[in-house]
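Next comes upload17.txt, a file with compact mmCIF, N, CA and C atoms.
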```txt
# COMPACT_ATOMS: atom_id res chain seq x y z
N MET A 12 9.15 19.00 40.64
CA MET A 12 7.87 18.41 40.31
C MET A 12 6.97 19.49 39.70
N ARG A 13 6.39 19.15 38.56
CA ARG A 13 5.55 20.12 37.86
C ARG A 13 4.11 19.98 38.31
N ARG A 14 3.55 21.09 38.68
CA ARG A 14 2.14 21.08 39.06
C ARG A 14 1.29 21.40 37.85
N THR A 15 0.19 20.71 37.73
CA THR A 15 -0.73 20.97 36.63
C THR A 15 -1.97 21.66 37.15
N ASP A 16 -2.50 22.49 36.33
CA ASP A 16 -3.72 23.21 36.66
C ASP A 16 -4.89 22.25 36.51
N PRO A 17 -5.70 22.05 37.54
CA PRO A 17 -6.82 21.10 37.44
C PRO A 17 -7.88 21.55 36.43
N THR A 18 -7.91 22.85 36.11
CA THR A 18 -8.91 23.33 35.16
C THR A 18 -8.41 23.18 33.71
N GLU A 19 -7.13 22.88 33.53
CA GLU A 19 -6.56 22.74 32.19
C GLU A 19 -6.98 21.37 31.61
N ARG A 20 -7.51 21.41 30.40
CA ARG A 20 -7.98 20.17 29.79
C ARG A 20 -7.06 19.77 28.65
N ALA A 21 -6.95 18.49 28.45
CA ALA A 21 -6.19 17.97 27.32
C ALA A 21 -7.04 18.12 26.06
N PRO A 22 -6.41 18.26 24.89
CA PRO A 22 -7.21 18.36 23.66
C PRO A 22 -7.98 17.07 23.41
N ARG A 23 -9.15 17.22 22.87
CA ARG A 23 -9.98 16.06 22.57
C ARG A 23 -9.38 15.28 21.41
N ALA A 24 -9.61 13.99 21.42
CA ALA A 24 -9.07 13.13 20.36
C ALA A 24 -9.69 13.50 19.01
N SER A 25 -10.95 13.90 19.00
CA SER A 25 -11.59 14.26 17.74
C SER A 25 -10.98 15.54 17.16
N THR A 26 -10.59 16.47 18.03
CA THR A 26 -9.96 17.70 17.57
C THR A 26 -8.61 17.40 16.94
N VAL A 27 -7.84 16.54 17.57
CA VAL A 27 -6.54 16.17 17.05
C VAL A 27 -6.69 15.46 15.71
N ALA A 28 -7.69 14.62 15.57
CA ALA A 28 -7.93 13.91 14.32
C ALA A 28 -8.28 14.90 13.20
N TRP A 29 -9.10 15.90 13.49
CA TRP A 29 -9.46 16.89 12.47
C TRP A 29 -8.26 17.69 12.03
N VAL A 30 -7.37 18.01 12.97
CA VAL A 30 -6.18 18.77 12.61
C VAL A 30 -5.29 17.94 11.69
N LYS A 31 -5.15 16.65 11.98
CA LYS A 31 -4.35 15.77 11.13
C LYS A 31 -4.94 15.67 9.73
N VAL A 32 -6.24 15.72 9.64
CA VAL A 32 -6.90 15.63 8.33
C VAL A 32 -6.72 16.94 7.55
N LEU A 33 -6.80 18.06 8.23
CA LEU A 33 -6.77 19.35 7.56
C LEU A 33 -5.37 19.85 7.21
N LEU A 34 -4.34 19.36 7.89
CA LEU A 34 -3.00 19.87 7.63
C LEU A 34 -2.55 19.71 6.18
N PRO A 35 -2.71 18.56 5.54
CA PRO A 35 -2.29 18.48 4.14
C PRO A 35 -3.06 19.43 3.23
N TRP A 36 -4.36 19.60 3.49
CA TRP A 36 -5.16 20.51 2.68
C TRP A 36 -4.68 21.95 2.84
N LEU A 37 -4.39 22.33 4.07
CA LEU A 37 -3.91 23.70 4.32
C LEU A 37 -2.53 23.92 3.72
N ALA A 38 -1.69 22.89 3.75
CA ALA A 38 -0.35 23.00 3.17
C ALA A 38 -0.44 23.19 1.65
N VAL A 39 -1.29 22.43 1.00
CA VAL A 39 -1.46 22.56 -0.46
C VAL A 39 -2.07 23.92 -0.79
N LEU A 40 -3.01 24.37 0.00
CA LEU A 40 -3.60 25.69 -0.23
C LEU A 40 -2.54 26.78 -0.10
N ALA A 41 -1.68 26.66 0.90
CA ALA A 41 -0.62 27.66 1.09
C ALA A 41 0.34 27.65 -0.10
N VAL A 42 0.69 26.47 -0.60
CA VAL A 42 1.59 26.38 -1.76
C VAL A 42 0.94 27.00 -2.99
N VAL A 43 -0.32 26.70 -3.21
CA VAL A 43 -1.02 27.24 -4.38
C VAL A 43 -1.12 28.76 -4.29
N LEU A 44 -1.45 29.29 -3.11
CA LEU A 44 -1.53 30.74 -2.96
C LEU A 44 -0.16 31.40 -3.12
N LEU A 45 0.87 30.75 -2.62
CA LEU A 45 2.22 31.29 -2.76
C LEU A 45 2.65 31.33 -4.23
N LEU A 46 2.40 30.25 -4.94
CA LEU A 46 2.75 30.21 -6.37
C LEU A 46 1.96 31.24 -7.16
N ASP A 47 0.70 31.40 -6.80
CA ASP A 47 -0.13 32.39 -7.49
C ASP A 47 0.36 33.80 -7.20
N ALA A 48 0.79 34.06 -5.98
CA ALA A 48 1.32 35.38 -5.63
C ALA A 48 2.64 35.67 -6.35
N MET A 49 3.37 34.62 -6.67
CA MET A 49 4.64 34.78 -7.39
C MET A 49 4.41 34.80 -8.91
N HIS A 50 3.15 34.90 -9.32
CA HIS A 50 2.76 34.95 -10.72
C HIS A 50 3.17 33.68 -11.48
N LEU A 51 3.12 32.56 -10.77
CA LEU A 51 3.35 31.25 -11.39
C LEU A 51 2.03 30.49 -11.40
N SER A 52 1.04 31.12 -12.02
CA SER A 52 -0.30 30.56 -11.98
C SER A 52 -0.39 29.22 -12.69
N PHE A 53 0.41 29.01 -13.73
CA PHE A 53 0.38 27.71 -14.41
C PHE A 53 0.83 26.61 -13.46
N LEU A 54 1.89 26.86 -12.71
CA LEU A 54 2.37 25.88 -11.74
C LEU A 54 1.38 25.70 -10.58
N ALA A 55 0.76 26.79 -10.16
CA ALA A 55 -0.25 26.71 -9.10
C ALA A 55 -1.43 25.87 -9.56
N THR A 56 -1.83 26.04 -10.81
CA THR A 56 -2.92 25.24 -11.35
C THR A 56 -2.53 23.77 -11.43
N ALA A 57 -1.30 23.50 -11.83
CA ALA A 57 -0.83 22.12 -11.91
C ALA A 57 -0.82 21.46 -10.53
N VAL A 58 -0.38 22.19 -9.51
CA VAL A 58 -0.37 21.64 -8.15
C VAL A 58 -1.79 21.37 -7.68
N ALA A 59 -2.70 22.30 -7.93
CA ALA A 59 -4.08 22.14 -7.48
C ALA A 59 -4.76 20.97 -8.18
N VAL A 60 -4.57 20.84 -9.48
CA VAL A 60 -5.19 19.74 -10.22
C VAL A 60 -4.57 18.41 -9.80
N SER A 61 -3.27 18.39 -9.59
CA SER A 61 -2.61 17.16 -9.14
C SER A 61 -3.14 16.73 -7.78
N TRP A 62 -3.33 17.68 -6.88
CA TRP A 62 -3.86 17.36 -5.56
C TRP A 62 -5.29 16.83 -5.66
N LEU A 63 -6.08 17.42 -6.53
CA LEU A 63 -7.45 16.95 -6.73
C LEU A 63 -7.46 15.53 -7.27
N VAL A 64 -6.61 15.25 -8.25
CA VAL A 64 -6.54 13.90 -8.82
C VAL A 64 -6.08 12.91 -7.76
N TYR A 65 -5.11 13.29 -6.95
CA TYR A 65 -4.63 12.41 -5.88
C TYR A 65 -5.76 12.11 -4.89
N CYS A 66 -6.50 13.13 -4.49
CA CYS A 66 -7.58 12.93 -3.53
C CYS A 66 -8.68 12.05 -4.08
N VAL A 67 -9.04 12.27 -5.33
CA VAL A 67 -10.08 11.43 -5.94
C VAL A 67 -9.57 10.00 -6.10
N GLY A 68 -8.31 9.88 -6.50
CA GLY A 68 -7.74 8.54 -6.70
C GLY A 68 -7.63 7.75 -5.41
N THR A 69 -7.32 8.40 -4.32
CA THR A 69 -7.21 7.67 -3.06
C THR A 69 -8.56 7.51 -2.38
N GLY A 70 -9.53 8.33 -2.71
CA GLY A 70 -10.85 8.22 -2.11
C GLY A 70 -11.75 7.23 -2.81
N VAL A 71 -11.51 7.00 -4.07
CA VAL A 71 -12.34 6.08 -4.85
C VAL A 71 -11.46 4.91 -5.25
N ARG A 72 -11.33 3.97 -4.37
CA ARG A 72 -10.54 2.78 -4.64
C ARG A 72 -11.46 1.59 -4.84
N PRO A 73 -11.11 0.72 -5.76
CA PRO A 73 -11.94 -0.48 -5.91
C PRO A 73 -11.80 -1.35 -4.66
N LYS A 74 -12.91 -1.92 -4.25
CA LYS A 74 -12.88 -2.78 -3.07
C LYS A 74 -12.21 -4.10 -3.42
N GLY A 75 -11.39 -4.57 -2.52
CA GLY A 75 -10.69 -5.84 -2.73
C GLY A 75 -11.67 -7.00 -2.69
N ARG A 76 -11.44 -7.97 -3.52
CA ARG A 76 -12.32 -9.14 -3.55
C ARG A 76 -11.89 -10.12 -2.47
N ASN A 77 -12.82 -10.88 -2.02
CA ASN A 77 -12.54 -11.90 -1.02
C ASN A 77 -11.85 -13.06 -1.73
N ARG A 78 -10.60 -13.30 -1.42
CA ARG A 78 -9.83 -14.32 -2.13
C ARG A 78 -10.19 -15.73 -1.66
N ALA A 79 -10.90 -15.86 -0.55
CA ALA A 79 -11.26 -17.18 -0.05
C ALA A 79 -12.36 -17.83 -0.89
N SER A 80 -13.14 -17.01 -1.60
CA SER A 80 -14.24 -17.59 -2.37
C SER A 80 -13.86 -17.93 -3.79
```
Could I get this file's structure written as structure tokens?
Amino acid sequence: MRRTDPTERAPRASTVAWVKVLLPWLAVLAVVLLLDAMHLSFLATAVAVSWLVYCVGTGVRPKGRNRAS
């Protein structure tokens, strides 16, 4: 039987949510920095611009119309 420390707290749900949101951004940043360090700046720029276009495209979506009317 495993004993738990009563002073040990579980991570907050808001903290877990922020980590889930930031992971893709950090992954893309790591890829861009890695490509830039390998002197593949053209490819790093393409990845960064593609990520920006993806984020804008998914953040600015037209609202669906109510089909009942």
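The two atoms in question, CA of Val67 in chain A and CA of Val39 in chain A, are spaced 15.1 Å apart.
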With 4 Å on each side, where is the centre of the axis-aligned box around all listed atoms of range 24-38 of chain A, and how long are its edges in Å to one decimal, as lines of an AutoDock Vina configuration file?
```
center_x = -6.0
center_y = 18.5
center_z = 11.5
size_x = 19.2
size_y = 18.8
size_z = 27.8
```
Just to confirm, what's the straight-line distance from atom C of Pro35 in chain A to atom C of Trp62 in chain A in Å (one decimal)?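 We find that atom C of Pro35 in chain A and atom C of Trp62 in chain A lie 9.5 Å from each other.
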Between CA of Ser25 in chain A and CA of Val71 in chain A, what is the distance in Å, rounded to a tenth?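 Result for CA of Ser25 in chain A versus CA of Val71 in chain A: 24.0 Å, one decimal.
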Would you please extract all helix (DSSP H, G or I) residues from range 19-73 of chain A, as assigned by DSSP on the backbone, and give them as a PyMOL selection string? chain A and resi 24-48+52-70
Kindly export the residues of the current selection with N, CA and C atoms, as a compact mmCIF listing (two decimals), keeping the file's coordinate frame.
```
# COMPACT_ATOMS: atom_id res chain seq x y z
N ALA A 24 -9.61 13.99 21.42
CA ALA A 24 -9.07 13.13 20.36
C ALA A 24 -9.69 13.50 19.01
N SER A 25 -10.95 13.90 19.00
CA SER A 25 -11.59 14.26 17.74
C SER A 25 -10.98 15.54 17.16
N THR A 26 -10.59 16.47 18.03
CA THR A 26 -9.96 17.70 17.57
C THR A 26 -8.61 17.40 16.94
N VAL A 27 -7.84 16.54 17.57
CA VAL A 27 -6.54 16.17 17.05
C VAL A 27 -6.69 15.46 15.71
N ALA A 28 -7.69 14.62 15.57
CA ALA A 28 -7.93 13.91 14.32
C ALA A 28 -8.28 14.90 13.20
N TRP A 29 -9.10 15.90 13.49
CA TRP A 29 -9.46 16.89 12.47
C TRP A 29 -8.26 17.69 12.03
N VAL A 30 -7.37 18.01 12.97
CA VAL A 30 -6.18 18.77 12.61
C VAL A 30 -5.29 17.94 11.69
N LYS A 31 -5.15 16.65 11.98
CA LYS A 31 -4.35 15.77 11.13
C LYS A 31 -4.94 15.67 9.73
N VAL A 32 -6.24 15.72 9.64
CA VAL A 32 -6.90 15.63 8.33
C VAL A 32 -6.72 16.94 7.55
N LEU A 33 -6.80 18.06 8.23
CA LEU A 33 -6.77 19.35 7.56
C LEU A 33 -5.37 19.85 7.21
N LEU A 34 -4.34 19.36 7.89
CA LEU A 34 -3.00 19.87 7.63
C LEU A 34 -2.55 19.71 6.18
N PRO A 35 -2.71 18.56 5.54
CA PRO A 35 -2.29 18.48 4.14
C PRO A 35 -3.06 19.43 3.23
N TRP A 36 -4.36 19.60 3.49
CA TRP A 36 -5.16 20.51 2.68
C TRP A 36 -4.68 21.95 2.84
N LEU A 37 -4.39 22.33 4.07
CA LEU A 37 -3.91 23.70 4.32
C LEU A 37 -2.53 23.92 3.72
N ALA A 38 -1.69 22.89 3.75
CA ALA A 38 -0.35 23.00 3.17
C ALA A 38 -0.44 23.19 1.65
N VAL A 39 -1.29 22.43 1.00
CA VAL A 39 -1.46 22.56 -0.46
C VAL A 39 -2.07 23.92 -0.79
N LEU A 40 -3.01 24.37 0.00
CA LEU A 40 -3.60 25.69 -0.23
C LEU A 40 -2.54 26.78 -0.10
N ALA A 41 -1.68 26.66 0.90
CA ALA A 41 -0.62 27.66 1.09
C ALA A 41 0.34 27.65 -0.10
N VAL A 42 0.69 26.47 -0.60
CA VAL A 42 1.59 26.38 -1.76
C VAL A 42 0.94 27.00 -2.99
N VAL A 43 -0.32 26.70 -3.21
CA VAL A 43 -1.02 27.24 -4.38
C VAL A 43 -1.12 28.76 -4.29
N LEU A 44 -1.45 29.29 -3.11
CA LEU A 44 -1.53 30.74 -2.96
C LEU A 44 -0.16 31.40 -3.12
N LEU A 45 0.87 30.75 -2.62
CA LEU A 45 2.22 31.29 -2.76
C LEU A 45 2.65 31.33 -4.23
N LEU A 46 2.40 30.25 -4.94
CA LEU A 46 2.75 30.21 -6.37
C LEU A 46 1.96 31.24 -7.16
N ASP A 47 0.70 31.40 -6.80
CA ASP A 47 -0.13 32.39 -7.49
C ASP A 47 0.36 33.80 -7.20
N ALA A 48 0.79 34.06 -5.98
CA ALA A 48 1.32 35.38 -5.63
C ALA A 48 2.64 35.67 -6.35
N SER A 52 1.04 31.12 -12.02
CA SER A 52 -0.30 30.56 -11.98
C SER A 52 -0.39 29.22 -12.69
N PHE A 53 0.41 29.01 -13.73
CA PHE A 53 0.38 27.71 -14.41
C PHE A 53 0.83 26.61 -13.46
N LEU A 54 1.89 26.86 -12.71
CA LEU A 54 2.37 25.88 -11.74
C LEU A 54 1.38 25.70 -10.58
N ALA A 55 0.76 26.79 -10.16
CA ALA A 55 -0.25 26.71 -9.10
C ALA A 55 -1.43 25.87 -9.56
N THR A 56 -1.83 26.04 -10.81
CA THR A 56 -2.92 25.24 -11.35
C THR A 56 -2.53 23.77 -11.43
N ALA A 57 -1.30 23.50 -11.83
CA ALA A 57 -0.83 22.12 -11.91
C ALA A 57 -0.82 21.46 -10.53
N VAL A 58 -0.38 22.19 -9.51
CA VAL A 58 -0.37 21.64 -8.15
C VAL A 58 -1.79 21.37 -7.68
N ALA A 59 -2.70 22.30 -7.93
CA ALA A 59 -4.08 22.14 -7.48
C ALA A 59 -4.76 20.97 -8.18
N VAL A 60 -4.57 20.84 -9.48
CA VAL A 60 -5.19 19.74 -10.22
C VAL A 60 -4.57 18.41 -9.80
N SER A 61 -3.27 18.39 -9.59
CA SER A 61 -2.61 17.16 -9.14
C SER A 61 -3.14 16.73 -7.78
N TRP A 62 -3.33 17.68 -6.88
CA TRP A 62 -3.86 17.36 -5.56
C TRP A 62 -5.29 16.83 -5.66
N LEU A 63 -6.08 17.42 -6.53
CA LEU A 63 -7.45 16.95 -6.73
C LEU A 63 -7.46 15.53 -7.27
N VAL A 64 -6.61 15.25 -8.25
CA VAL A 64 -6.54 13.90 -8.82
C VAL A 64 -6.08 12.91 -7.76
N TYR A 65 -5.11 13.29 -6.95
CA TYR A 65 -4.63 12.41 -5.88
C TYR A 65 -5.76 12.11 -4.89
N CYS A 66 -6.50 13.13 -4.49
CA CYS A 66 -7.58 12.93 -3.53
C CYS A 66 -8.68 12.05 -4.08
N VAL A 67 -9.04 12.27 -5.33
CA VAL A 67 -10.08 11.43 -5.94
C VAL A 67 -9.57 10.00 -6.10
N GLY A 68 -8.31 9.88 -6.50
CA GLY A 68 -7.74 8.54 -6.70
C GLY A 68 -7.63 7.75 -5.41
N THR A 69 -7.32 8.40 -4.32
CA THR A 69 -7.21 7.67 -3.06
C THR A 69 -8.56 7.51 -2.38
N GLY A 70 -9.53 8.33 -2.71
CA GLY A 70 -10.85 8.22 -2.11
C GLY A 70 -11.75 7.23 -2.81
```
Which residue of A:Leu37, A:Thr18, A:Lys31, A:Val43 approaches Ala57 in chain A most closely, using only C-alpha atoms: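 Under the stated criterion, the closest residue is A:Val43.
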